[in-house]
Each structure stands twice: as C-alpha cells, then as structure tokens.
$ cat run_24.cif   # mmCIF, C-alpha atoms
data_my_file
#
loop_
_atom_site.group_PDB
_atom_site.id
_atom_site.type_symbol
_atom_site.label_atom_id
_atom_site.label_comp_id
_atom_site.auth_asym_id
_atom_site.auth_seq_id
_atom_site.Cartn_x
_atom_site.Cartn_y
_atom_site.Cartn_z
ATOM 1 C CA MET A 1 17.827 179.519 -105.642
ATOM 2 C CA ASN A 2 19.755 176.735 -107.383
ATOM 3 C CA LEU A 3 20.480 179.146 -110.192
ATOM 4 C CA ARG A 4 23.560 180.584 -108.562
ATOM 5 C CA ARG A 5 25.154 177.214 -107.984
ATOM 6 C CA ASP A 6 24.424 176.265 -111.562
ATOM 7 C CA VAL A 7 26.019 179.465 -112.735
ATOM 8 C CA PHE A 8 29.226 178.481 -110.991
ATOM 9 C CA GLN A 9 29.132 175.000 -112.460
ATOM 10 C CA ALA A 10 28.674 176.620 -115.831
ATOM 11 C CA ILE A 11 31.792 178.746 -115.542
ATOM 12 C CA ALA A 12 33.868 175.899 -114.105
ATOM 13 C CA ASP A 13 34.425 174.624 -117.653
ATOM 14 C CA PRO A 14 37.180 176.338 -119.701
ATOM 15 C CA THR A 15 35.350 176.051 -123.034
ATOM 16 C CA ARG A 16 32.262 177.638 -121.546
ATOM 17 C CA ARG A 17 34.332 180.460 -120.090
ATOM 18 C CA ALA A 18 35.868 181.009 -123.511
ATOM 19 C CA ILE A 19 32.387 181.105 -125.086
ATOM 20 C CA LEU A 20 31.291 183.731 -122.559
ATOM 21 C CA LEU A 21 34.351 185.812 -123.382
ATOM 22 C CA LEU A 22 33.573 185.640 -127.095
ATOM 23 C CA VAL A 23 29.923 186.526 -126.719
ATOM 24 C CA ALA A 24 30.648 189.261 -124.161
ATOM 25 C CA SER A 25 32.276 191.357 -126.874
ATOM 26 C CA GLN A 26 29.540 190.764 -129.497
ATOM 27 C CA ALA A 27 26.391 188.712 -130.077
ATOM 28 C CA LEU A 28 27.130 185.677 -132.266
ATOM 29 C CA THR A 29 25.338 182.788 -133.956
ATOM 30 C CA ALA A 30 26.031 179.199 -132.874
ATOM 31 C CA GLY A 31 27.967 178.662 -136.101
ATOM 32 C CA ALA A 32 30.182 181.697 -135.565
ATOM 33 C CA ILE A 33 30.900 180.585 -131.992
ATOM 34 C CA ALA A 34 31.704 177.019 -133.060
ATOM 35 C CA ALA A 35 34.101 178.334 -135.720
ATOM 36 C CA ASN A 36 36.351 179.548 -132.878
ATOM 37 C CA PHE A 37 36.843 176.077 -131.443
ATOM 38 C CA ASP A 38 38.444 172.853 -132.622
ATOM 39 C CA THR A 39 35.782 170.977 -130.669
ATOM 40 C CA ALA A 40 33.017 169.188 -132.579
ATOM 41 C CA ARG A 41 29.972 171.306 -133.327
ATOM 42 C CA PRO A 42 27.559 169.189 -131.162
ATOM 43 C CA THR A 43 29.903 169.694 -128.175
ATOM 44 C CA VAL A 44 29.766 173.445 -128.645
ATOM 45 C CA SER A 45 25.972 173.224 -128.968
ATOM 46 C CA LYS A 46 25.844 171.361 -125.656
ATOM 47 C CA HIS A 47 27.893 174.100 -123.979
ATOM 48 C CA LEU A 48 25.605 176.766 -125.451
ATOM 49 C CA GLN A 49 22.596 174.881 -124.147
ATOM 50 C CA ILE A 50 24.032 174.770 -120.607
ATOM 51 C CA LEU A 51 24.941 178.465 -120.665
ATOM 52 C CA THR A 52 21.439 179.300 -121.910
ATOM 53 C CA GLU A 53 19.807 177.132 -119.236
ATOM 54 C CA CYS A 54 21.861 178.895 -116.570
ATOM 55 C CA GLU A 55 20.662 182.166 -118.091
ATOM 56 C CA LEU A 56 24.170 183.427 -118.727
ATOM 57 C CA LEU A 57 23.356 183.555 -122.436
ATOM 58 C CA GLU A 58 20.140 184.604 -124.141
ATOM 59 C CA GLN A 59 18.944 183.629 -127.591
ATOM 60 C CA LYS A 60 17.481 186.339 -129.809
ATOM 61 C CA GLN A 61 16.096 185.852 -133.279
ATOM 62 C CA THR A 62 17.382 188.358 -135.837
ATOM 63 C CA GLY A 63 15.898 187.633 -139.254
ATOM 64 C CA ARG A 64 16.529 183.944 -139.948
ATOM 65 C CA GLU A 65 19.442 183.659 -137.537
ATOM 66 C CA ILE A 66 19.510 183.038 -133.808
ATOM 67 C CA TYR A 67 22.107 185.127 -132.016
ATOM 68 C CA TYR A 68 23.502 184.436 -128.578
ATOM 69 C CA HIS A 69 23.755 187.474 -126.295
ATOM 70 C CA ILE A 70 25.350 187.749 -122.891
ATOM 71 C CA ASN A 71 22.903 188.126 -119.995
ATOM 72 C CA ALA A 72 24.597 190.970 -118.158
ATOM 73 C CA LYS A 73 22.338 190.733 -115.122
ATOM 74 C CA ASN A 74 23.287 187.140 -114.337
ATOM 75 C CA MET A 75 26.899 187.655 -115.264
ATOM 76 C CA LYS A 76 26.924 190.342 -112.610
ATOM 77 C CA GLN A 77 25.908 187.704 -110.063
ATOM 78 C CA VAL A 78 29.008 185.768 -110.987
ATOM 79 C CA ALA A 79 30.985 188.959 -110.686
ATOM 80 C CA ASP A 80 29.687 189.523 -107.187
ATOM 81 C CA PHE A 81 32.006 186.807 -105.905
ATOM 82 C CA ILE A 82 29.691 186.077 -103.022
ATOM 83 C CA GLU A 83 28.644 182.535 -103.850
ATOM 84 C CA PRO A 84 31.951 180.743 -103.049
ATOM 85 C CA PHE A 85 32.179 182.714 -99.809
ATOM 86 C CA ARG A 86 28.611 181.743 -98.914
ATOM 87 C CA LYS A 87 29.294 178.131 -99.778
ATOM 88 C CA MET A 88 32.397 178.094 -97.569
ATOM 89 C CA TRP A 89 30.338 179.306 -94.611
ATOM 90 C CA ASP A 90 27.478 176.970 -95.441
ATOM 91 C CA GLU A 91 29.852 173.996 -95.313
ATOM 92 C CA ARG A 92 31.397 175.196 -92.050
ATOM 93 C CA PHE A 93 27.969 175.640 -90.468
ATOM 94 C CA ASN A 94 26.845 172.212 -91.696
ATOM 95 C CA LYS A 95 29.845 170.753 -89.913
ATOM 96 C CA LEU A 96 29.053 172.698 -86.744
ATOM 97 C CA GLU A 97 25.483 171.398 -86.862
ATOM 98 C CA ASP A 98 26.609 167.767 -87.350
ATOM 99 C CA ILE A 99 29.150 167.933 -84.532
ATOM 100 C CA MET A 100 26.730 169.500 -82.064
ATOM 101 C CA LYS A 101 23.944 167.059 -83.022
ATOM 102 C CA ALA A 102 26.295 164.133 -82.383
ATOM 103 C CA TYR A 103 27.184 165.663 -79.026
ATOM 104 C CA GLN A 104 23.490 166.214 -78.212
ATOM 105 C CA SER A 105 22.564 162.588 -78.902
ATOM 106 C CA LYS A 106 25.441 161.327 -76.747
ATOM 107 C CA LYS A 107 24.229 163.216 -73.697
ATOM 108 C CA MET B 1 14.807 175.453 -101.910
ATOM 109 C CA GLU B 2 15.502 178.267 -99.469
ATOM 110 C CA GLN B 3 19.207 178.580 -98.648
ATOM 111 C CA LYS B 4 20.101 177.933 -95.028
ATOM 112 C CA THR B 5 23.125 180.200 -95.041
ATOM 113 C CA LYS B 6 22.712 183.703 -96.430
ATOM 114 C CA VAL B 7 25.308 186.357 -97.068
ATOM 115 C CA ASN B 8 24.302 189.966 -97.509
ATOM 116 C CA ALA B 9 27.151 192.113 -98.786
ATOM 117 C CA GLU B 10 26.000 195.309 -100.440
ATOM 118 C CA ASP B 11 28.141 196.941 -103.105
ATOM 119 C CA GLY B 12 30.469 199.633 -101.844
ATOM 120 C CA LYS B 13 30.003 198.914 -98.129
ATOM 121 C CA GLN B 14 32.653 197.761 -95.665
ATOM 122 C CA ASP B 15 30.535 195.244 -93.791
ATOM 123 C CA LEU B 16 28.562 192.086 -94.438
ATOM 124 C CA VAL B 17 25.988 189.977 -92.638
ATOM 125 C CA ILE B 18 25.938 186.176 -92.604
ATOM 126 C CA THR B 19 22.794 184.488 -91.262
ATOM 127 C CA ARG B 20 22.058 180.835 -90.691
ATOM 128 C CA GLU B 21 19.289 178.825 -89.047
ATOM 129 C CA PHE B 22 20.297 175.680 -87.169
ATOM 130 C CA ASP B 23 18.446 172.561 -86.089
ATOM 131 C CA LEU B 24 20.026 173.017 -82.678
ATOM 132 C CA PRO B 25 18.870 174.539 -79.399
ATOM 133 C CA VAL B 26 20.420 177.985 -78.979
ATOM 134 C CA GLU B 27 22.457 176.737 -75.988
ATOM 135 C CA LEU B 28 24.235 174.159 -78.160
ATOM 136 C CA LEU B 29 24.866 176.664 -80.934
ATOM 137 C CA PHE B 30 26.427 178.996 -78.377
ATOM 138 C CA LYS B 31 28.546 176.148 -76.981
ATOM 139 C CA ALA B 32 29.934 175.493 -80.461
ATOM 140 C CA TYR B 33 31.423 179.011 -80.349
ATOM 141 C CA THR B 34 32.602 179.152 -76.768
ATOM 142 C CA GLU B 35 34.116 175.768 -75.880
ATOM 143 C CA PRO B 36 37.554 175.030 -77.359
ATOM 144 C CA GLU B 37 36.886 171.339 -78.082
ATOM 145 C CA PHE B 38 33.931 172.230 -80.334
ATOM 146 C CA VAL B 39 35.600 175.210 -82.012
ATOM 147 C CA GLU B 40 38.539 172.945 -82.884
ATOM 148 C CA GLN B 41 36.244 170.365 -84.448
ATOM 149 C CA TRP B 42 34.065 172.505 -86.658
ATOM 150 C CA MET B 43 36.591 175.164 -87.589
ATOM 151 C CA GLY B 44 39.350 172.613 -88.154
ATOM 152 C CA THR B 45 41.822 174.687 -86.198
ATOM 153 C CA LYS B 46 43.918 174.312 -83.064
ATOM 154 C CA VAL B 47 42.720 176.506 -80.203
ATOM 155 C CA LEU B 48 45.744 177.809 -78.272
ATOM 156 C CA LYS B 49 43.636 180.050 -76.089
ATOM 157 C CA LEU B 50 39.925 180.847 -75.810
ATOM 158 C CA GLU B 51 38.732 182.896 -72.844
ATOM 159 C CA SER B 52 34.981 183.099 -73.370
ATOM 160 C CA LYS B 53 34.252 186.198 -71.283
ATOM 161 C CA LYS B 54 34.369 189.990 -71.456
ATOM 162 C CA HIS B 55 37.993 191.191 -71.817
ATOM 163 C CA GLY B 56 38.977 187.621 -72.748
ATOM 164 C CA SER B 57 41.119 186.866 -75.770
ATOM 165 C CA TYR B 58 41.673 183.976 -78.137
ATOM 166 C CA GLN B 59 44.334 182.521 -80.422
ATOM 167 C CA PHE B 60 43.851 179.923 -83.142
ATOM 168 C CA GLU B 61 46.480 178.147 -85.193
ATOM 169 C CA THR B 62 45.804 176.062 -88.308
ATOM 170 C CA SER B 63 48.390 173.692 -89.729
ATOM 171 C CA ASP B 64 48.721 172.160 -93.156
ATOM 172 C CA GLY B 65 49.011 168.402 -93.704
ATOM 173 C CA LYS B 66 52.754 168.452 -92.938
ATOM 174 C CA GLY B 67 52.345 170.159 -89.577
ATOM 175 C CA ASN B 68 53.559 173.588 -90.722
ATOM 176 C CA VAL B 69 51.537 176.477 -89.361
ATOM 177 C CA ALA B 70 49.519 177.778 -92.296
ATOM 178 C CA PHE B 71 47.390 180.330 -90.590
ATOM 179 C CA LYS B 72 47.171 182.155 -87.252
ATOM 180 C CA ALA B 73 44.214 184.144 -86.015
ATOM 181 C CA SER B 74 43.552 186.043 -82.824
ATOM 182 C CA GLY B 75 41.360 188.664 -81.203
ATOM 183 C CA VAL B 76 39.709 189.961 -78.057
ATOM 184 C CA ILE B 77 36.190 189.615 -76.716
ATOM 185 C CA HIS B 78 34.333 192.834 -75.914
ATOM 186 C CA GLU B 79 30.863 191.621 -75.093
ATOM 187 C CA PHE B 80 29.785 188.222 -73.858
ATOM 188 C CA SER B 81 26.121 187.455 -73.067
ATOM 189 C CA PRO B 82 25.518 183.702 -72.817
ATOM 190 C CA ASN B 83 23.168 182.364 -75.518
ATOM 191 C CA LYS B 84 22.578 185.888 -76.817
ATOM 192 C CA LYS B 85 25.528 187.841 -78.073
ATOM 193 C CA ILE B 86 29.295 187.917 -78.567
ATOM 194 C CA THR B 87 31.207 190.943 -79.857
ATOM 195 C CA LYS B 88 34.857 190.361 -80.712
ATOM 196 C CA THR B 89 37.685 191.382 -82.962
ATOM 197 C CA PHE B 90 39.302 188.986 -85.433
ATOM 198 C CA GLU B 91 42.642 189.246 -87.158
ATOM 199 C CA MET B 92 44.416 186.887 -89.525
ATOM 200 C CA GLU B 93 48.021 187.349 -88.510
ATOM 201 C CA ASP B 94 50.614 188.144 -91.216
ATOM 202 C CA MET B 95 47.870 188.768 -93.759
ATOM 203 C CA PRO B 96 46.954 192.079 -95.361
ATOM 204 C CA PHE B 97 43.302 192.016 -94.298
ATOM 205 C CA GLY B 98 43.461 194.167 -91.175
ATOM 206 C CA VAL B 99 41.375 193.678 -88.057
ATOM 207 C CA GLN B 100 37.665 193.012 -88.359
ATOM 208 C CA LEU B 101 34.916 193.562 -85.817
ATOM 209 C CA GLU B 102 32.445 190.692 -85.456
ATOM 210 C CA VAL B 103 29.042 190.884 -83.779
ATOM 211 C CA TYR B 104 27.354 187.514 -83.276
ATOM 212 C CA GLU B 105 23.698 187.408 -82.290
ATOM 213 C CA PHE B 106 22.242 184.107 -81.158
ATOM 214 C CA GLU B 107 18.479 183.748 -81.256
ATOM 215 C CA ARG B 108 16.182 180.999 -79.993
ATOM 216 C CA LEU B 109 13.576 180.117 -82.626
ATOM 217 C CA SER B 110 12.028 177.090 -80.867
ATOM 218 C CA ALA B 111 13.166 174.504 -78.325
ATOM 219 C CA GLY B 112 15.226 172.750 -80.974
ATOM 220 C CA THR B 113 16.054 175.474 -83.504
ATOM 221 C CA SER B 114 18.072 178.661 -83.420
ATOM 222 C CA LYS B 115 19.414 181.418 -85.612
ATOM 223 C CA LEU B 116 22.841 183.006 -85.843
ATOM 224 C CA SER B 117 23.425 186.435 -87.299
ATOM 225 C CA MET B 118 27.056 187.387 -87.813
ATOM 226 C CA HIS B 119 27.762 191.022 -88.635
ATOM 227 C CA VAL B 120 31.340 191.600 -89.788
ATOM 228 C CA ILE B 121 32.779 195.098 -90.171
ATOM 229 C CA TYR B 122 36.081 195.523 -92.046
ATOM 230 C CA GLU B 123 38.522 198.428 -92.037
ATOM 231 C CA SER B 124 37.616 199.380 -95.597
ATOM 232 C CA VAL B 125 35.504 198.373 -98.593
ATOM 233 C CA VAL B 126 38.653 197.097 -100.314
ATOM 234 C CA GLN B 127 39.526 194.822 -97.412
ATOM 235 C CA ARG B 128 36.014 193.412 -97.243
ATOM 236 C CA ASP B 129 36.065 192.644 -100.943
ATOM 237 C CA GLN B 130 39.466 190.954 -100.646
ATOM 238 C CA VAL B 131 38.178 188.653 -97.916
ATOM 239 C CA LEU B 132 35.076 187.893 -100.009
ATOM 240 C CA LYS B 133 37.293 186.890 -102.915
ATOM 241 C CA LEU B 134 39.514 184.553 -100.868
ATOM 242 C CA PRO B 135 37.589 181.308 -101.471
ATOM 243 C CA PHE B 136 37.025 182.357 -105.052
ATOM 244 C CA ALA B 137 40.699 182.883 -105.795
ATOM 245 C CA GLN B 138 41.435 179.251 -104.999
ATOM 246 C CA GLY B 139 39.102 177.778 -107.600
ATOM 247 C CA ILE B 140 38.922 179.939 -110.668
ATOM 248 C CA ASN B 141 41.665 180.907 -113.070
ATOM 249 C CA MET B 142 42.627 183.922 -115.107
ATOM 250 C CA ALA B 143 39.868 183.459 -117.653
ATOM 251 C CA HIS B 144 37.438 184.461 -115.020
ATOM 252 C CA ASN B 145 39.314 187.647 -114.272
ATOM 253 C CA ARG B 146 38.968 188.515 -117.922
ATOM 254 C CA ILE B 147 35.215 187.966 -117.636
ATOM 255 C CA GLN B 148 35.318 190.316 -114.672
ATOM 256 C CA ASP B 149 37.051 193.000 -116.706
ATOM 257 C CA ILE B 150 34.510 192.691 -119.493
ATOM 258 C CA ILE B 151 31.588 192.804 -117.094
ATOM 259 C CA SER B 152 32.887 195.858 -115.299
ATOM 260 C CA LYS B 153 32.969 197.583 -118.669
ATOM 261 C CA LEU B 154 29.352 196.565 -119.331
ATOM 262 C CA LYS B 155 28.097 198.116 -116.098
#

$ encode --input "run_24.cif" --output "structure tokens"
Amino acid sequence: MNLRRDVFQAIADPTRRAILLLVASQALTAGAIAANFDTARPTVSKHLQILTECELLEQKQTGREIYYHINAKNMKQVADFIEPFRKMWDERFNKLEDIMKAYQSKK
Amino acid sequence: MEQKTKVNAEDGKQDLVITREFDLPVELLFKAYTEPEFVEQWMGTKVLKLESKKHGSYQFETSDGKGNVAFKASGVIHEFSPNKKITKTFEMEDMPFGVQLEVYEFERLSAGTSKLSMHVIYESVVQRDQVLKLPFAQGINMAHNRIQDIISKLK
C-alpha cells in the first residue's frame, strides 16, 4: 500500500510531471524524452526510473527500441485525489491518538 | 503495511466513508470527540461551544498565526449515544461547500482498541469532490491539472 504515497512523491517533482505530460500524448523512447529537456541525460534517466518504479510509466520493447508508455490505471489513482485527503485525516487521527494516550497515562 | 486510516469515496456518489482503528479504549476515543479541551487539541481549533447531547449545537473557530479568524465551522447534534454513535451536521461558514451530514460510529474492538467509522453525506457529488480536492489544491500546481485533463480524455 506504499504505492500510492510513492506515486505522490513521484508527481511532486516538476520535471517528472513534465515527463508524464509528454508521454501521456504519445509513447516515447528515453532519448526522445531527454531531447525535450535541458537537463543532463542521466538525470532524465533517473526520473524515468522513478516513474517506472512507481508504475506510472511502463516500458515496452518495439523492435530494438524501448518505448515508455503511460500507465493509465495508476494515473487514474492520482486523478482520484483521495490520497491527500486520506493523509490529512490520518495525521489528524494520529494526533488524536497521541493526545488521548498522553491523557490516559496521566490518569 | 495495512493503512490505519481508510477513505472510501466511490466515483459519482455524494458521500464518503472514513474508517480508522485506534490503540485507545472506545471511551477515550469518544471523549476526544465530545470534550472541548480534547477537540481543541487534536483539531487545532478553538471551541466556542460544544453541547454534546441530542439537540445540542457546536461552534468552532480556527485562527491563523496572526490571530485572524481563518475558518469557522458549526452544526447541530441529532443523535448522541455515549461510546456508540453521534449524528450531526457540519458546515464551514462562508464557504461554498454547503452543509454535510456526519454519522460517527464508535466500536469497541478490545479493552484497549477501538474503531471509528465516519460516514459523511454531502449535498451533491460536486460538493463532495470539492471537499476531497481541498488538501490537494494546496500542494500541487497547474501542471497537475493538465495531467488531469489528459487522463480524463484517456478514460
């Protein structure tokens, strides 16, 4: 269940968001993606690796080239908007639990 | 790891359910919701009024760092069963989110653990989705909205 949190870390970075935007319109090779950025090629590769690990991007071999595709299913999770809302409540409830535990031990 | 807090909000519906298990006896969990001093601490708000009983009402006021009132909320209590259930309305004053109905169910799991289920019903699907997006809107910029647009076209 850490996947969702990772997904949000993944999209917190502006370069990674830009990569997702590029790939959302068409599948691209790492080289074609890197050509859109001034950033060094290894930096772009690192971003692609993170997005692939978070399963927002998928690699598919076409002939000799590897193309990056958007993983629509996981992108939909991001689109659901629920995770920040859940996190907000989770933090609130953690606080409630801490405060009431402190009160309990004082009694 | 299993998430302690779960949110179930189905597409196209005007309600949602938040559930959470606590390492607290149900009596203490209930106290956290019904006694002003605890509500103030965990919700980070000032409690102007909290009548924890049927037909009771409540008023909260949250200030920013400079002491200006940033947010006011209020509502009335319809059902009040100690350590079991609270049904109340909730409204963020001067905000376009309408009035929501909240049903809290408190459940004893063991002597030291309990479960809260919070069912929230909004006036419309649109209002529910706006409230869901509130925490999101603070953190993510326009680029994300563009992702949204693209994704909605993919669906």

$ residues_around --input "run_24.cif" --residues "B:Asp11" --least-positions-apart "2" --cutoff "10 Å" --atoms "all atoms listed in the file" --output "list in words"
Asp80 of chain A; Asn8, Ala9, Lys13, Gln14, Asp15, Leu16, Val125 and Asp129 of chain B

$ closest_residue --input "run_24.cif" --among "A:Arg64, A:Arg17, A:Lys73, A:Lys87" --to "A:His47" --atoms "only C-alpha atoms"
A:Arg17

$ closest_residue --input "run_24.cif" --among "B:Phe38, B:Tyr33, B:Tyr104, B:Tyr122" --to "B:Thr19" --atoms "only C-alpha atoms"
B:Tyr104

$ resolve_selection --input "run_24.cif" --expression "the PyMOL selection byres ((chain B and resi 45-58) around 8)" --output "mmCIF file with C-alpha atoms, in the coordinates of the input"
data_model
loop_
_atom_site.group_PDB
_atom_site.id
_atom_site.type_symbol
_atom_site.label_atom_id
_atom_site.label_comp_id
_atom_site.auth_asym_id
_atom_site.auth_seq_id
_atom_site.Cartn_x
_atom_site.Cartn_y
_atom_site.Cartn_z
ATOM 1 C CA THR B 34 32.602 179.152 -76.768
ATOM 2 C CA GLU B 35 34.116 175.768 -75.880
ATOM 3 C CA PRO B 36 37.554 175.030 -77.359
ATOM 4 C CA VAL B 39 35.600 175.210 -82.012
ATOM 5 C CA GLU B 40 38.539 172.945 -82.884
ATOM 6 C CA GLN B 41 36.244 170.365 -84.448
ATOM 7 C CA MET B 43 36.591 175.164 -87.589
ATOM 8 C CA GLY B 44 39.350 172.613 -88.154
ATOM 9 C CA GLN B 59 44.334 182.521 -80.422
ATOM 10 C CA PHE B 60 43.851 179.923 -83.142
ATOM 11 C CA GLU B 61 46.480 178.147 -85.193
ATOM 12 C CA THR B 62 45.804 176.062 -88.308
ATOM 13 C CA SER B 63 48.390 173.692 -89.729
ATOM 14 C CA SER B 74 43.552 186.043 -82.824
ATOM 15 C CA GLY B 75 41.360 188.664 -81.203
ATOM 16 C CA VAL B 76 39.709 189.961 -78.057
ATOM 17 C CA ILE B 77 36.190 189.615 -76.716
ATOM 18 C CA HIS B 78 34.333 192.834 -75.914
ATOM 19 C CA GLU B 79 30.863 191.621 -75.093
ATOM 20 C CA PHE B 80 29.785 188.222 -73.858
#

$ interface_residues --input "run_24.cif" --of "chain A" --to "chain B" --cutoff "10 Å" --atoms "all atoms listed in the file" --output "ChimeraX atom specification"
/A:1-2,8,11-14,17-18,20-22,24-25,70,72-73,75-76,78-101,103-104

$ axis_aligned_box --input "run_24.cif" --around "stretch 92-104 of chain A" --padding-each-side "5 Å" --output "lines of an AutoDock Vina configuration file"
center_x = 27.4
center_y = 169.9
center_z = -85.1
size_x = 17.9
size_y = 21.5
size_z = 23.8

$ residues_around --input "run_24.cif" --residues "A:Lys60" --least-positions-apart "4" --cutoff "12 Å" --atoms "all atoms listed in the file" --output "PDB file with C-alpha atoms, in the frame of the given file"
ATOM      1  CA  ALA A  27      26.391 188.712-130.077  1.00  0.00           C
ATOM      2  CA  LEU A  28      27.130 185.677-132.266  1.00  0.00           C
ATOM      3  CA  THR A  29      25.338 182.788-133.956  1.00  0.00           C
ATOM      4  CA  ALA A  30      26.031 179.199-132.874  1.00  0.00           C
ATOM      5  CA  THR A  52      21.439 179.300-121.910  1.00  0.00           C
ATOM      6  CA  ARG A  64      16.529 183.944-139.948  1.00  0.00           C
ATOM      7  CA  GLU A  65      19.442 183.659-137.537  1.00  0.00           C
ATOM      8  CA  ILE A  66      19.510 183.038-133.808  1.00  0.00           C
ATOM      9  CA  TYR A  67      22.107 185.127-132.016  1.00  0.00           C
ATOM     10  CA  TYR A  68      23.502 184.436-128.578  1.00  0.00           C
ATOM     11  CA  HIS A  69      23.755 187.474-126.295  1.00  0.00           C
ATOM     12  CA  ILE A  70      25.350 187.749-122.891  1.00  0.00           C
ATOM     13  CA  ASN A  71      22.903 188.126-119.995  1.00  0.00           C
TER      14      ASN A  71
END

$ residues_near_point --input "run_24.cif" --point "(28.7, 176.1, -132.6)" --cutoff "12 Å" --atoms "only C-alpha atoms" --output "list in words"
Thr15, Arg16, Ile19, Leu28, Thr29, Ala30, Gly31, Ala32, Ile33, Ala34, Ala35, Asn36, Phe37, Asp38, Thr39, Ala40, Arg41, Pro42, Thr43, Val44, Ser45, Lys46, His47, Leu48, Gln49, Ile66, Tyr67 and Tyr68 of chain A

$ atom_distance --input "run_24.cif" --atom1 "atom CA of B:Ile121" --atom2 "atom CA of B:Phe71"
20.8 Å

$ residues_near_point --input "run_24.cif" --point "(17.0, 173.2, -78.0)" --cutoff "7 Å" --atoms "all atoms listed in the file" --output "number ranges by chain"
B: 24-27, 110-113

$ atom_distance --input "run_24.cif" --atom1 "atom CA of B:Val69" --atom2 "atom CA of A:Ala102"
29.0 Å

$ atom_distance --input "run_24.cif" --atom1 "atom CA of B:Met92" --atom2 "atom CA of B:Lys66"
20.5 Å

$ residues_around --input "run_24.cif" --residues "B:Val99" --least-positions-apart "2" --cutoff "8 Å" --atoms "only C-alpha atoms" --output "PDB file with C-alpha atoms, in the frame of the given file"
ATOM      1  CA  THR B  89      37.685 191.382 -82.962  1.00  0.00           C
ATOM      2  CA  PHE B  90      39.302 188.986 -85.433  1.00  0.00           C
ATOM      3  CA  GLU B  91      42.642 189.246 -87.158  1.00  0.00           C
ATOM      4  CA  MET B  92      44.416 186.887 -89.525  1.00  0.00           C
ATOM      5  CA  PHE B  97      43.302 192.016 -94.298  1.00  0.00           C
ATOM      6  CA  LEU B 101      34.916 193.562 -85.817  1.00  0.00           C
ATOM      7  CA  TYR B 122      36.081 195.523 -92.046  1.00  0.00           C
ATOM      8  CA  GLU B 123      38.522 198.428 -92.037  1.00  0.00           C
TER       9      GLU B 123
END

$ build_atoms --input "run_24.cif" --residues "stretch 16-30 of chain A" --atoms "N, CA, C and O atoms" --output "short mmCIF file (atom, residue, chain, number, x, y, z; two decimals), in the frame of the given file"
data_model
loop_
_atom_site.label_atom_id
_atom_site.label_comp_id
_atom_site.auth_asym_id
_atom_site.auth_seq_id
_atom_site.Cartn_x
_atom_site.Cartn_y
_atom_site.Cartn_z
N ARG A 16 33.41 176.76 -121.80
CA ARG A 16 32.26 177.64 -121.55
C ARG A 16 32.72 179.05 -121.17
O ARG A 16 32.11 180.03 -121.56
N ARG A 17 33.81 179.12 -120.41
CA ARG A 17 34.33 180.46 -120.09
C ARG A 17 34.77 181.17 -121.36
O ARG A 17 34.52 182.36 -121.54
N ALA A 18 35.40 180.42 -122.25
CA ALA A 18 35.87 181.01 -123.51
C ALA A 18 34.68 181.49 -124.35
O ALA A 18 34.74 182.56 -124.97
N ILE A 19 33.60 180.70 -124.34
CA ILE A 19 32.39 181.10 -125.09
C ILE A 19 31.84 182.42 -124.52
O ILE A 19 31.51 183.35 -125.26
N LEU A 20 31.81 182.50 -123.19
CA LEU A 20 31.29 183.73 -122.56
C LEU A 20 32.14 184.94 -122.95
O LEU A 20 31.62 186.03 -123.21
N LEU A 21 33.45 184.72 -123.00
CA LEU A 21 34.35 185.81 -123.38
C LEU A 21 34.07 186.29 -124.80
O LEU A 21 34.03 187.49 -125.08
N LEU A 22 33.87 185.31 -125.70
CA LEU A 22 33.57 185.64 -127.10
C LEU A 22 32.29 186.45 -127.21
O LEU A 22 32.26 187.50 -127.85
N VAL A 23 31.25 185.92 -126.56
CA VAL A 23 29.92 186.53 -126.72
C VAL A 23 29.83 187.86 -125.96
O VAL A 23 29.04 188.73 -126.32
N ALA A 24 30.68 188.01 -124.93
CA ALA A 24 30.65 189.26 -124.16
C ALA A 24 31.01 190.45 -125.04
O ALA A 24 30.51 191.55 -124.85
N SER A 25 31.89 190.22 -126.03
CA SER A 25 32.28 191.36 -126.87
C SER A 25 31.28 191.61 -128.00
O SER A 25 31.12 192.74 -128.44
N GLN A 26 30.60 190.56 -128.50
CA GLN A 26 29.54 190.76 -129.50
C GLN A 26 28.61 189.55 -129.58
O GLN A 26 29.05 188.43 -129.36
N ALA A 27 27.35 189.80 -129.91
CA ALA A 27 26.39 188.71 -130.08
C ALA A 27 26.79 187.88 -131.30
O ALA A 27 27.19 188.43 -132.32
N LEU A 28 26.70 186.56 -131.18
CA LEU A 28 27.13 185.68 -132.27
C LEU A 28 26.13 184.54 -132.48
O LEU A 28 25.42 184.16 -131.56
N THR A 29 26.15 183.98 -133.69
CA THR A 29 25.34 182.79 -133.96
C THR A 29 26.12 181.56 -133.48
O THR A 29 27.33 181.63 -133.26
N ALA A 30 25.39 180.44 -133.33
CA ALA A 30 26.03 179.20 -132.87
C ALA A 30 27.18 178.82 -133.82
O ALA A 30 28.25 178.40 -133.37
#
